[in-house]
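See below for start-v1.pdb, which holds PDB, C-alpha atoms.
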ATOM      1  CA  MET A 274     103.516 100.713  94.614
ATOM      2  CA  HIS A 275     105.627 101.128  97.725
ATOM      3  CA  ARG A 276     106.286 104.539  99.266
ATOM      4  CA  VAL A 277     109.461 105.269 101.236
ATOM      5  CA  ARG A 278     108.951 108.418 103.283
ATOM      6  CA  LEU A 279     111.883 110.802 103.633
ATOM      7  CA  PRO A 280     112.677 113.065 106.590
ATOM      8  CA  VAL A 281     113.160 116.783 106.050
ATOM      9  CA  GLY A 282     116.505 117.563 104.426
ATOM     10  CA  ALA A 283     117.193 114.025 103.186
ATOM     11  CA  THR A 284     119.598 113.620 100.261
ATOM     12  CA  THR A 285     118.309 111.203  97.601
ATOM     13  CA  LEU A 286     120.740 108.867  95.848
ATOM     14  CA  VAL A 287     118.505 107.250  93.198
ATOM     15  CA  GLU A 288     116.764 108.386  90.027
ATOM     16  CA  ILE A 289     113.544 107.453  88.258
ATOM     17  CA  GLY A 290     113.918 104.159  86.412
ATOM     18  CA  HIS A 291     116.621 102.830  88.711
ATOM     19  CA  GLY A 292     116.227  99.215  89.831
ATOM     20  CA  VAL A 293     116.726  98.864  93.578
ATOM     21  CA  GLU A 294     117.411  95.963  95.925
ATOM     22  CA  PRO A 295     116.170  95.662  99.530
ATOM     23  CA  ALA A 296     119.583  96.412 101.078
ATOM     24  CA  GLU A 297     120.291  99.389  98.815
ATOM     25  CA  VAL A 298     120.641 102.867 100.306
ATOM     26  CA  LEU A 299     118.074 105.139  98.641
ATOM     27  CA  ALA A 300     118.887 108.331 100.528
ATOM     28  CA  THR A 301     120.799 109.675 103.490
ATOM     29  CA  SER A 302     119.659 111.813 106.364
ATOM     30  CA  ARG A 303     121.215 113.691 109.242
ATOM     31  CA  PRO A 304     118.627 113.610 112.042
ATOM     32  CA  PRO A 305     118.303 116.914 113.934
ATOM     33  CA  GLY A 306     118.822 117.201 117.669
ATOM     34  CA  GLY A 307     117.147 119.525 120.140
ATOM     35  CA  GLY A 308     116.434 123.087 119.044
ATOM     36  CA  THR A 309     118.571 126.029 120.163
ATOM     37  CA  SER A 310     118.159 129.797 119.738
ATOM     38  CA  LEU A 311     120.437 131.930 117.587
ATOM     39  CA  GLN A 312     120.421 135.751 117.792
ATOM     40  CA  VAL A 313     119.501 137.331 114.454
ATOM     41  CA  ALA A 314     117.965 140.791 114.916
ATOM     42  CA  SER A 315     120.626 142.026 117.357
ATOM     43  CA  ARG A 316     123.470 140.900 115.066
ATOM     44  CA  LEU A 317     121.916 142.732 112.142
ATOM     45  CA  ARG A 318     121.188 145.766 114.339
ATOM     46  CA  ARG A 319     117.551 145.685 113.410
ATOM     47  CA  SER A 320     114.306 145.272 115.296
ATOM     48  CA  ALA A 321     112.857 141.807 115.603
ATOM     49  CA  ALA A 322     110.037 142.724 113.195
ATOM     50  CA  GLU A 323     112.437 144.183 110.601
ATOM     51  CA  ALA A 324     114.835 141.240 110.710
ATOM     52  CA  VAL A 325     112.211 138.762 109.529
ATOM     53  CA  ASP A 326     112.465 140.232 106.005
ATOM     54  CA  LEU A 327     116.242 139.741 106.017
ATOM     55  CA  LEU A 328     116.187 135.961 106.404
ATOM     56  CA  SER A 329     117.815 134.068 103.536
ATOM     57  CA  VAL A 330     116.164 130.731 104.282
ATOM     58  CA  ARG A 331     112.765 129.210 104.989
ATOM     59  CA  PRO A 332     111.758 126.827 107.767
ATOM     60  CA  GLY A 333     112.915 123.308 106.900
ATOM     61  CA  THR A 334     116.131 124.452 105.182
ATOM     62  CA  VAL A 335     119.282 122.472 105.944
ATOM     63  CA  LEU A 336     122.349 124.666 106.479
ATOM     64  CA  GLU A 337     125.985 123.656 106.559
ATOM     65  CA  ALA A 338     128.404 125.302 108.987
ATOM     66  CA  GLY A 339     129.196 128.855 107.808
ATOM     67  CA  GLU A 340     126.219 129.072 105.454
ATOM     68  CA  ARG A 341     124.261 132.336 105.458
ATOM     69  CA  LEU A 342     121.032 132.435 107.455
ATOM     70  CA  ALA A 343     120.314 136.185 107.162
ATOM     71  CA  GLU A 344     121.943 139.395 105.860
ATOM     72  CA  ASP A 345     121.097 143.094 105.861
ATOM     73  CA  GLY A 346     122.746 144.239 102.608
ATOM     74  CA  ASP A 347     125.236 146.464 104.468
ATOM     75  CA  GLY A 348     127.784 143.747 105.123
ATOM     76  CA  ARG A 349     126.247 142.360 108.291
ATOM     77  CA  GLU A 350     125.153 138.722 108.178
ATOM     78  CA  VAL A 351     124.283 135.784 110.409
ATOM     79  CA  LEU A 352     125.940 132.457 109.610
ATOM     80  CA  ALA A 353     125.073 128.960 110.772
ATOM     81  CA  PRO A 354     127.509 128.059 113.577
ATOM     82  CA  TYR A 355     127.333 124.376 112.601
ATOM     83  CA  ALA A 356     125.388 122.074 110.305
ATOM     84  CA  CYS A 357     121.774 122.530 111.336
ATOM     85  CA  LEU A 358     118.116 122.555 110.381
ATOM     86  CA  PHE A 359     116.392 125.957 110.387
ATOM     87  CA  LEU A 360     113.116 125.501 112.248
ATOM     88  CA  GLY A 361     111.701 129.009 112.360
ATOM     89  CA  TYR A 362     112.030 132.627 113.447
ATOM     90  CA  ASP A 363     110.610 134.273 116.570
ATOM     91  CA  ALA A 364     109.365 137.726 115.600
ATOM     92  CA  ASP A 365     108.999 138.722 119.262
ATOM     93  CA  ASP A 366     112.613 138.362 120.377
ATOM     94  CA  GLY A 367     114.400 138.286 116.999
ATOM     95  CA  THR A 368     115.938 134.825 117.321
ATOM     96  CA  ALA A 369     116.092 131.867 114.955
ATOM     97  CA  LEU A 370     115.408 128.367 116.181
ATOM     98  CA  ILE A 371     117.893 125.862 114.771
ATOM     99  CA  ALA A 372     118.533 122.172 115.435
ATOM    100  CA  PRO A 373     122.062 120.741 115.093
ATOM    101  CA  LEU A 374     122.361 117.820 112.671
ATOM    102  CA  GLY A 375     123.737 114.481 113.790
ATOM    103  CA  ALA A 376     125.803 111.927 111.882
ATOM    104  CA  THR A 377     124.695 110.801 108.422
ATOM    105  CA  GLU A 378     122.300 107.831 108.491
ATOM    106  CA  PRO A 379     121.309 105.639 105.512
ATOM    107  CA  ILE A 380     117.670 105.234 104.430
ATOM    108  CA  LEU A 381     116.817 101.829 102.987
ATOM    109  CA  GLY A 382     113.647 100.952 101.121
ATOM    110  CA  HIS A 383     113.791  97.236 102.058
ATOM    111  CA  VAL A 384     112.104  96.386  98.737
ATOM    112  CA  ARG A 385     113.113  95.172  95.298
ATOM    113  CA  GLY A 386     111.647  97.124  92.403
ATOM    114  CA  GLU A 387     111.877 100.111  90.064
ATOM    115  CA  VAL A 388     111.914 103.745  91.189
ATOM    116  CA  THR A 389     108.958 105.603  89.660
ATOM    117  CA  SER A 390     109.068 108.893  91.575
ATOM    118  CA  VAL A 391     111.642 110.848  93.571
ATOM    119  CA  GLY A 392     110.543 113.820  95.669
ATOM    120  CA  ALA A 393     111.486 115.771  98.763
ATOM    121  CA  GLU A 394     108.964 113.857 100.872
ATOM    122  CA  ALA A 395     109.128 110.343  99.472
ATOM    123  CA  ILE A 396     110.508 107.880  96.941
ATOM    124  CA  GLU A 397     107.972 105.631  95.209
ATOM    125  CA  ILE A 398     108.924 102.171  93.973
ATOM    126  CA  ARG A 399     107.001  99.753  91.780
ATOM    127  CA  VAL A 400     107.343  96.356  93.448
ATOM    128  CA  THR A 401     106.959  93.155  91.438
ATOM    129  CA  GLY A 402     105.913  90.463  93.880
ATOM    130  CA  ALA A 403     103.072  88.975  95.862
ATOM    131  CA  LEU A 404     101.479  91.038  98.625
ATOM    132  CA  VAL A 405     100.107  89.507 101.818
ATOM    133  CA  ALA A 406      98.248  91.961 104.062
ATOM    134  CA  GLY A 407      97.986  91.284 107.783
ATOM    135  CA  VAL A 408      95.663  92.621 110.444
ATOM    136  CA  GLY A 409      98.330  94.109 112.704
ATOM    137  CA  GLY A 410     102.018  94.293 113.385
ATOM    138  CA  SER A 411     104.881  95.738 115.344
ATOM    139  CA  GLY A 412     108.335  97.027 114.461
ATOM    140  CA  SER A 413     110.013  98.532 111.437
ATOM    141  CA  ALA A 414     110.856  97.464 107.878
ATOM    142  CA  VAL A 415     113.073  94.414 107.357
ATOM    143  CA  HIS A 416     113.914  91.937 104.627
ATOM    144  CA  GLY A 417     115.266  88.411 104.412
ATOM    145  CA  GLU A 418     114.606  84.900 103.152
ATOM    146  CA  LEU A 419     111.442  83.124 104.250
ATOM    147  CA  ARG A 420     111.946  80.154 106.557
ATOM    148  CA  MET A 421     109.228  77.913 107.973
ATOM    149  CA  ALA A 422     109.535  77.578 111.749
ATOM    150  CA  VAL A 423     106.585  75.214 112.405
ATOM    151  CA  HIS A 424     105.029  72.219 110.653
ATOM    152  CA  GLU A 425     101.336  72.998 111.089
ATOM    153  CA  PRO A 426      99.329  76.242 110.652
ATOM    154  CA  GLY A 427      97.967  76.041 114.202
ATOM    155  CA  GLU A 428     101.283  75.144 115.833
ATOM    156  CA  GLU A 429     102.837  77.543 118.333
ATOM    157  CA  LEU A 430     106.245  79.002 117.468
ATOM    158  CA  ARG A 431     108.521  78.004 120.344
ATOM    159  CA  ALA A 432     111.910  79.337 121.383
ATOM    160  CA  GLY A 433     113.584  76.015 120.518
ATOM    161  CA  ALA A 434     112.798  76.569 116.837
ATOM    162  CA  ILE A 435     114.999  79.672 116.774
ATOM    163  CA  ASP A 436     118.623  78.705 116.104
ATOM    164  CA  VAL A 437     121.684  80.250 114.436
ATOM    165  CA  GLY A 438     120.280  79.310 111.035
ATOM    166  CA  ALA A 439     117.436  81.766 111.634
ATOM    167  CA  THR A 440     119.737  84.799 111.668
ATOM    168  CA  GLY A 441     118.699  87.304 109.014
ATOM    169  CA  ARG A 442     115.606  85.258 108.069
ATOM    170  CA  ILE A 443     111.883  85.990 108.198
ATOM    171  CA  MET A 444     110.387  83.141 110.219
ATOM    172  CA  VAL A 445     106.840  81.901 109.531
ATOM    173  CA  GLY A 446     105.137  80.567 112.651
ATOM    174  CA  GLY A 447     101.645  79.339 113.442
ATOM    175  CA  SER A 448      99.118  80.262 116.094
ATOM    176  CA  ARG A 449     101.227  82.365 118.467
ATOM    177  CA  ALA A 450     104.656  83.036 119.969
ATOM    178  CA  SER A 451     105.477  83.787 123.593
ATOM    179  CA  ALA A 452     107.366  86.876 124.738
ATOM    180  CA  GLU A 453     110.303  84.555 125.474
ATOM    181  CA  THR A 454     110.283  83.278 121.879
ATOM    182  CA  LEU A 455     110.090  86.792 120.429
ATOM    183  CA  THR A 456     112.930  87.959 122.686
ATOM    184  CA  ARG A 457     115.091  84.989 121.665
ATOM    185  CA  ALA A 458     114.363  85.643 117.990
ATOM    186  CA  ARG A 459     115.431  89.261 118.339
ATOM    187  CA  ALA A 460     118.594  88.254 120.202
ATOM    188  CA  MET A 461     119.470  85.645 117.531
ATOM    189  CA  GLY A 462     119.290  88.260 114.779
ATOM    190  CA  VAL A 463     116.019  87.110 113.202
ATOM    191  CA  ALA A 464     114.813  89.816 110.811
ATOM    192  CA  GLY A 465     111.092  89.286 111.359
ATOM    193  CA  ILE A 466     108.304  86.881 112.264
ATOM    194  CA  VAL A 467     104.988  86.107 110.564
ATOM    195  CA  LEU A 468     102.252  84.646 112.795
ATOM    196  CA  GLY A 469      98.561  83.878 112.618
ATOM    197  CA  GLY A 470      98.168  85.887 115.808
ATOM    198  CA  VAL A 471      99.793  86.751 119.080
ATOM    199  CA  LEU A 472      98.396  87.297 122.569
ATOM    200  CA  ASP A 473      98.167  90.976 123.488
ATOM    201  CA  LYS A 474      99.951  90.391 126.800
ATOM    202  CA  GLU A 475     102.833  88.519 125.144
ATOM    203  CA  LEU A 476     103.323  91.326 122.648
ATOM    204  CA  ARG A 477     103.202  93.980 125.389
ATOM    205  CA  ASP A 478     105.705  92.038 127.518
ATOM    206  CA  PHE A 479     108.054  91.671 124.557
ATOM    207  CA  GLU A 480     107.873  95.358 123.630
ATOM    208  CA  ALA A 481     108.445  96.362 127.272
ATOM    209  CA  THR A 482     111.570  94.180 127.344
ATOM    210  CA  GLN A 483     112.838  95.845 124.162
ATOM    211  CA  VAL A 484     112.315  99.307 125.637
ATOM    212  CA  ARG A 485     114.353  98.391 128.734
ATOM    213  CA  ARG A 486     117.168  96.908 126.633
ATOM    214  CA  ARG A 487     117.179  99.861 124.265
ATOM    215  CA  GLU A 488     117.651 102.233 127.197
ATOM    216  CA  VAL A 489     120.880 100.451 128.154
ATOM    217  CA  GLY A 490     122.055 100.059 124.576
ATOM    218  CA  GLY A 491     121.301  96.340 124.360
ATOM    219  CA  VAL A 492     119.072  96.380 121.250
ATOM    220  CA  ARG A 493     120.645  96.545 117.821
ATOM    221  CA  GLY A 494     119.244  96.085 114.346
ATOM    222  CA  ASP A 495     115.659  96.104 113.147
ATOM    223  CA  PHE A 496     112.954  93.558 113.908
ATOM    224  CA  ALA A 497     109.323  93.232 112.821
ATOM    225  CA  ILE A 498     106.271  91.110 113.578
ATOM    226  CA  VAL A 499     103.163  90.753 111.397
ATOM    227  CA  MET A 500      99.922  89.042 112.462
ATOM    228  CA  ILE A 501      97.954  87.660 109.534
ATOM    229  CA  SER A 502      94.671  86.473 111.061
ATOM    230  CA  GLY A 503      94.138  88.423 114.284
ATOM    231  CA  PHE A 504      95.196  89.101 117.856
ATOM    232  CA  GLY A 505      95.207  86.154 120.229
ATOM    233  CA  LYS A 506      95.923  82.475 119.676
ATOM    234  CA  VAL A 507      94.893  82.412 116.021
ATOM    235  CA  GLY A 508      96.448  79.992 113.537
ATOM    236  CA  LEU A 509      97.314  80.714 109.939
ATOM    237  CA  ASP A 510      94.804  79.618 107.321
ATOM    238  CA  ALA A 511      95.900  76.221 105.985
ATOM    239  CA  ALA A 512      95.920  77.374 102.349
ATOM    240  CA  LEU A 513      98.016  80.433 103.141
ATOM    241  CA  PHE A 514     100.342  78.342 105.314
ATOM    242  CA  ALA A 515     100.846  75.959 102.385
ATOM    243  CA  TRP A 516     101.546  78.982 100.158
ATOM    244  CA  PHE A 517     104.308  80.143 102.521
ATOM    245  CA  GLN A 518     105.707  76.604 102.557
ATOM    246  CA  SER A 519     105.863  76.552  98.763
ATOM    247  CA  HIS A 520     107.827  79.811  98.782
ATOM    248  CA  GLU A 521     110.305  78.975 101.536
ATOM    249  CA  GLY A 522     113.715  80.395 100.693
ATOM    250  CA  ARG A 523     112.288  83.273  98.624
ATOM    251  CA  LEU A 524     113.310  86.819  99.438
ATOM    252  CA  ALA A 525     110.635  88.758 101.314
ATOM    253  CA  SER A 526     110.143  92.230 102.773
ATOM    254  CA  LEU A 527     108.252  92.659 106.030
ATOM    255  CA  PHE A 528     106.734  95.924 107.263
ATOM    256  CA  GLY A 529     105.657  95.521 110.885
ATOM    257  CA  ALA A 530     103.770  98.746 111.553
ATOM    258  CA  ALA A 531     102.032  98.585 108.150
ATOM    259  CA  ALA A 532     101.273  94.830 108.501
ATOM    260  CA  ARG A 533     102.425  94.091 104.949
ATOM    261  CA  ILE A 534     104.593  91.372 103.410
ATOM    262  CA  TYR A 535     106.065  91.333  99.912
ATOM    263  CA  VAL A 536     107.330  87.983  98.586
ATOM    264  CA  TYR A 537     109.374  88.177  95.394
ATOM    265  CA  ASP A 538     109.206  85.755  92.450
ATOM    266  CA  ALA A 539     106.042  84.337  94.008
ATOM    267  CA  ASP A 540     102.660  83.074  92.828
ATOM    268  CA  PRO A 541      99.611  85.064  94.005
ATOM    269  CA  PRO A 542      98.589  84.074  97.547
ATOM    270  CA  PRO A 543      95.088  82.773  98.335
ATOM    271  CA  ALA A 544      92.868  85.862  98.286
ATOM    272  CA  ARG A 545      90.048  86.603 100.706
ATOM    273  CA  ARG A 546      86.654  88.276 100.490
ATOM    274  CA  ALA A 547      84.343  89.224 103.301
ATOM    275  CA  LEU A 548      81.016  87.709 102.172
ATOM    276  CA  ALA A 549      81.077  83.921 102.112
ATOM    277  CA  ARG A 550      78.764  81.780  99.948
ATOM    278  CA  VAL A 551      77.787  78.137 100.288
ATOM    279  CA  GLY A 552      80.628  75.961  99.083
ATOM    280  CA  ASP A 553      83.285  78.609  99.796
ATOM    281  CA  ARG A 554      86.402  77.762 101.701
ATOM    282  CA  VAL A 555      86.349  80.033 104.770
ATOM    283  CA  ILE A 556      88.445  81.007 107.756
ATOM    284  CA  ALA A 557      86.951  81.848 111.167
ATOM    285  CA  HIS A 558      88.083  84.950 113.057
ATOM    286  CA  ARG A 559      86.592  84.443 116.524
ATOM    287  CA  ARG A 560      86.996  81.889 119.256
ATOM    288  CA  PRO A 561      86.632  78.973 119.658
ATOM    289  CA  PHE A 562      87.419  78.415 115.958
ATOM    290  CA  ALA A 563      89.652  81.459 115.366
ATOM    291  CA  GLY A 564      92.141  80.788 112.598
ATOM    292  CA  LEU A 565      90.599  77.487 111.492
ATOM    293  CA  GLY A 566      89.687  76.893 107.874
ATOM    294  CA  GLY A 567      86.781  74.887 106.511
ATOM    295  CA  GLU A 568      83.864  74.881 104.089
ATOM    296  CA  LEU A 569      80.609  76.804 104.426
ATOM    297  CA  VAL A 570      78.087  73.975 104.012
ATOM    298  CA  ARG A 571      74.836  75.866 104.527
ATOM    299  CA  VAL A 572      73.494  79.311 105.374
ATOM    300  CA  LEU A 573      70.721  79.123 107.987
ATOM    301  CA  ASP A 574      67.344  80.543 106.987
ATOM    302  CA  LEU A 575      66.756  82.218 110.355
ATOM    303  CA  PRO A 576      69.127  84.222 112.591
ATOM    304  CA  HIS A 577      70.922  82.100 115.162
ATOM    305  CA  ALA A 578      71.709  83.003 118.784
ATOM    306  CA  THR A 579      75.452  83.039 119.435
ATOM    307  CA  PRO A 580      77.066  81.951 122.763
ATOM    308  CA  ALA A 581      77.445  85.646 123.579
ATOM    309  CA  GLY A 582      73.676  86.058 123.369
ATOM    310  CA  VAL A 583      73.708  88.036 120.115
ATOM    311  CA  THR A 584      71.377  86.968 117.314
ATOM    312  CA  ALA A 585      73.121  86.923 113.958
ATOM    313  CA  ARG A 586      72.817  85.470 110.486
ATOM    314  CA  SER A 587      74.857  82.278 110.628
ATOM    315  CA  GLY A 588      76.024  79.297 108.633
ATOM    316  CA  LEU A 589      77.072  75.699 109.162
ATOM    317  CA  VAL A 590      80.808  75.245 108.682
ATOM    318  CA  SER A 591      82.630  71.935 108.292
ATOM    319  CA  PHE A 592      86.125  72.613 109.643
ATOM    320  CA  GLU A 593      89.263  70.869 108.425
ATOM    321  CA  ASP A 594      89.895  69.327 111.854
ATOM    322  CA  GLY A 595      86.693  67.292 111.521
ATOM    323  CA  ARG A 596      84.415  69.477 113.639
ATOM    324  CA  SER A 597      81.247  71.165 112.410
ATOM    325  CA  ALA A 598      79.706  74.257 113.975
ATOM    326  CA  ILE A 599      77.244  77.066 113.430
ATOM    327  CA  VAL A 600      79.222  80.303 113.054
ATOM    328  CA  PRO A 601      77.991  83.890 112.482
ATOM    329  CA  LEU A 602      78.692  84.893 108.869
ATOM    330  CA  ALA A 603      80.271  88.103 110.154
ATOM    331  CA  ASN A 604      82.985  85.965 111.774
ATOM    332  CA  LEU A 605      83.875  84.221 108.502
ATOM    333  CA  GLU A 606      86.072  85.324 105.650
ATOM    334  CA  ALA A 607      85.984  83.570 102.289
ATOM    335  CA  MET A 608      89.144  82.447 100.528
ATOM    336  CA  GLU A 609      89.150  83.249  96.842
ATOM    337  CA  PRO A 610      90.549  80.627  94.440
ATOM    338  CA  ARG A 611      93.787  81.739  92.776
ATOM    339  CA  ASP A 612      92.064  82.090  89.409
ATOM    340  CA  GLY A 613      89.666  84.611  90.970
ATOM    341  CA  GLY A 614      86.616  82.444  90.283
TER     342      GLY A 614
END
Do you think you could lay out the structure here as structure tokens?
Amino acid sequence: MHRVRLPVGATTLVEIGHGVEPAEVLATSRPPGGGTSLQVASRLRRSAAEAVDLLSVRPGTVLEAGERLAEDGDGREVLAPYACLFLGYDADDGTALIAPLGATEPILGHVRGEVTSVGAEAIEIRVTGALVAGVGGSGSAVHGELRMAVHEPGEELRAGAIDVGATGRIMVGGSRASAETLTRARAMGVAGIVLGGVLDKELRDFEATQVRRREVGGVRGDFAIVMISGFGKVGLDAALFAWFQSHEGRLASLFGAAARIYVYDADPPPARRALARVGDRVIAHRRPFAGLGGELVRVLDLPHATPAGVTARSGLVSFEDGRSAIVPLANLEAMEPRDGG
């Protein structure tokens, strides 16, 4: 189930049972501006305390220009001077706080599915597709076709891989992407990027650049980033990378802030569970093996001292790059087979 939150006063355009597409407008909204005061008690010739009982609306009500805000029953009334949102009433000075409404803006769900609930606060949609949950992200909701941007799960996504063919696509990278690469992707109209991880500094530098460009009107359209494995130079798990490869060209929806990806008409992705057992395929989440996959060969009988000096229950892992190492079990995540066995 996917939930599309609605701002106060939004007008819904869909009904329960309706099938929606990612680019479909589900509702419209007129965002309010800064609040201004409107005299109420003095216009009704009442005290501030008396006028509160003469209000015709409640906080959160959207009023069109000329619509009644309050009346006294003797022919005196207060009308909205323009389309606005009624925020509240000040019983001390007898004024209403209203916020003028801006131009109508569309609200997209960015998902394909069936509407199951329509309310004042949200629209809920049943999504038929595979869900991949990340560990972090940045940006808004976007959608587009999946496109592989690297050849290996641990390969860095470089600016040279972003060309005109990437416009409107969701690019799948590997271990990281520089601020330069992210900036180029945004400028080329890439919808979103999926990575194993990204360095904190690179992400901060990129977001700072976007803030500066937005201030001068140089940023248009939406853009999202989702990290699957962690923060830092962390590659994608090989099995999950292969899963993305097998679904290249499929429509996907990416939610940066929620760190979620929906892929439509897709097989279930490799699942993960926290507690690994001997023989499990695992992925490491800490350096120096962060993002690497392998097999848990043995669980050590006694706790093992880590390089950081912490004693922890550990296991011997044979990694896919040929190396073997003792890794704390807390730093491993098991990959479930697709049949759930």
Can you list what the PyMOL selection byres ((chain A and resi 593) around 10) grabs from this structure, as a ChimeraX atom specification? /A:511,565-568,590-592,594-597
Taking a cut-off of 10 Å and counting all atoms listed in the file, can you build a table that, for each residue of range 495-539 of chain A near range 413-422 of chain A, reports the nearest atom pair and how far apart they are in Å (one decimal), sorted by chain then residue number, as a tab-separated table?
residue	atom	partner	partner_atom	distance
A:Asp495	CA	A:Ser413	CA	6.4
A:Phe496	CA	A:Ser413	CA	6.3
A:Ala497	CA	A:Ser413	CA	5.5
A:Ile498	CA	A:Ser413	CA	8.6
A:Phe514	CA	A:Met421	CA	9.3
A:Phe517	CA	A:Met421	CA	7.7
A:Gln518	CA	A:Met421	CA	6.6
A:Ser519	CA	A:Met421	CA	9.9
A:His520	CA	A:Leu419	CA	7.3
A:Glu521	CA	A:Leu419	CA	5.1
A:Gly522	CA	A:Leu419	CA	5.0
A:Arg523	CA	A:Glu418	CA	5.3
A:Leu524	CA	A:Glu418	CA	4.4
A:Ala525	CA	A:Gly417	CA	5.6
A:Ser526	CA	A:His416	CA	4.2
A:Leu527	CA	A:Val415	CA	5.3
A:Phe528	CA	A:Ala414	CA	4.4
A:Gly529	CA	A:Ser413	CA	5.3
A:Ala530	CA	A:Ser413	CA	6.2
A:Ala531	CA	A:Ser413	CA	8.6
A:Ala532	CA	A:Ser413	CA	9.9
A:Arg533	CA	A:Ala414	CA	9.5
A:Ile534	CA	A:His416	CA	9.4
A:Tyr535	CA	A:His416	CA	9.2
A:Val536	CA	A:Leu419	CA	8.5
A:Tyr537	CA	A:Glu418	CA	9.9
Practice prompt. Would you kindly translate the PyMOL selection byres ((chain A and resi 316) around 12) into the concrete residues it picks from this file, as a PyMOL selection string?
Written response: chain A and resi 311-315+317-321+324+327+342-345+348-352+367-369
- [ ] I need the residue set behind the PyMOL selection byres ((chain A and resi 437) around 10) for this file; please write it as a list of chain:residue names.
- [x] A:Ala434, A:Ile435, A:Asp436, A:Gly438, A:Ala439, A:Thr440, A:Gly441, A:Ala458, A:Met461, A:Gly462, A:Val463
Point (119.3, 111.0, 97.3) neighbourhood (6 Å, all atoms listed in the file) written as a PyMOL selection string: chain A and resi 284-287+300
As AutoDock Vina command-line options, please report the centre and edge lengths, rounded to one decimal in Å, of the axis-aligned box that holds all listed atoms of range 364-383 of chain A with 3 Å of padding on each of the six sides.
--center_x 117.4 --center_y 118.0 --center_z 110.7 --size_x 22.8 --size_y 47.5 --size_z 25.3
Ala512 in chain A proximity check over A:Met444, A:Val555, A:Ala322, A:Leu575, using all atoms listed in the file: winner is A:Val555
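Shortest separation to Tyr362 in chain A among A:Leu328, A:Ala376, A:Val293, A:Val445 occurs at residue A:Leu328, atoms counted being only C-alpha atoms.
Counting only C-alpha atoms, the residue from A:Ala549, A:Ala353, A:Ile371, A:Leu381 that sits nearest to Val298 in chain A is A:Leu381.
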One decimal, in Å: what's the spacing between CA of Gly588 in chain A and CA of Ala515 in chain A?
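A separation of 25.8 Å between them.
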Self-check item: Contacts of Leu370 in chain A within 8 Å, all atoms listed in the file, excl. fewer than 4 positions in-chain, as a list of chain:residue names
Solution: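 The filter keeps A:Gly308, A:Thr309, A:Ser310, A:Leu311, A:Phe359, A:Leu360, A:Gly361, A:Tyr362, A:Asp363.
Closest approach to Pro543 in chain A among A:Leu468, A:Ala406, A:Met500, A:Ile289: A:Ala406, based on all atoms listed in the file.
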For Val551 in chain A, the closest of A:Glu394, A:Leu569, A:Asp365, A:Asp538 counting all atoms listed in the file is A:Leu569
* What does the distance between CA of Val471 in chain A and CA of Pro601 in chain A come to in Å, to one decimal place? ->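 CA of Val471 in chain A sits 23.0 Å away from CA of Pro601 in chain A.
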Min atom-atom distance to Thr456 in chain A from the set A:Arg586, A:Arg399, A:Arg486, A:Arg442, counting all atoms listed in the file, belongs to A:Arg486
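Distance-wise, CA of Val391 in chain A and CA of Ser302 in chain A end up 15.1 Å apart.
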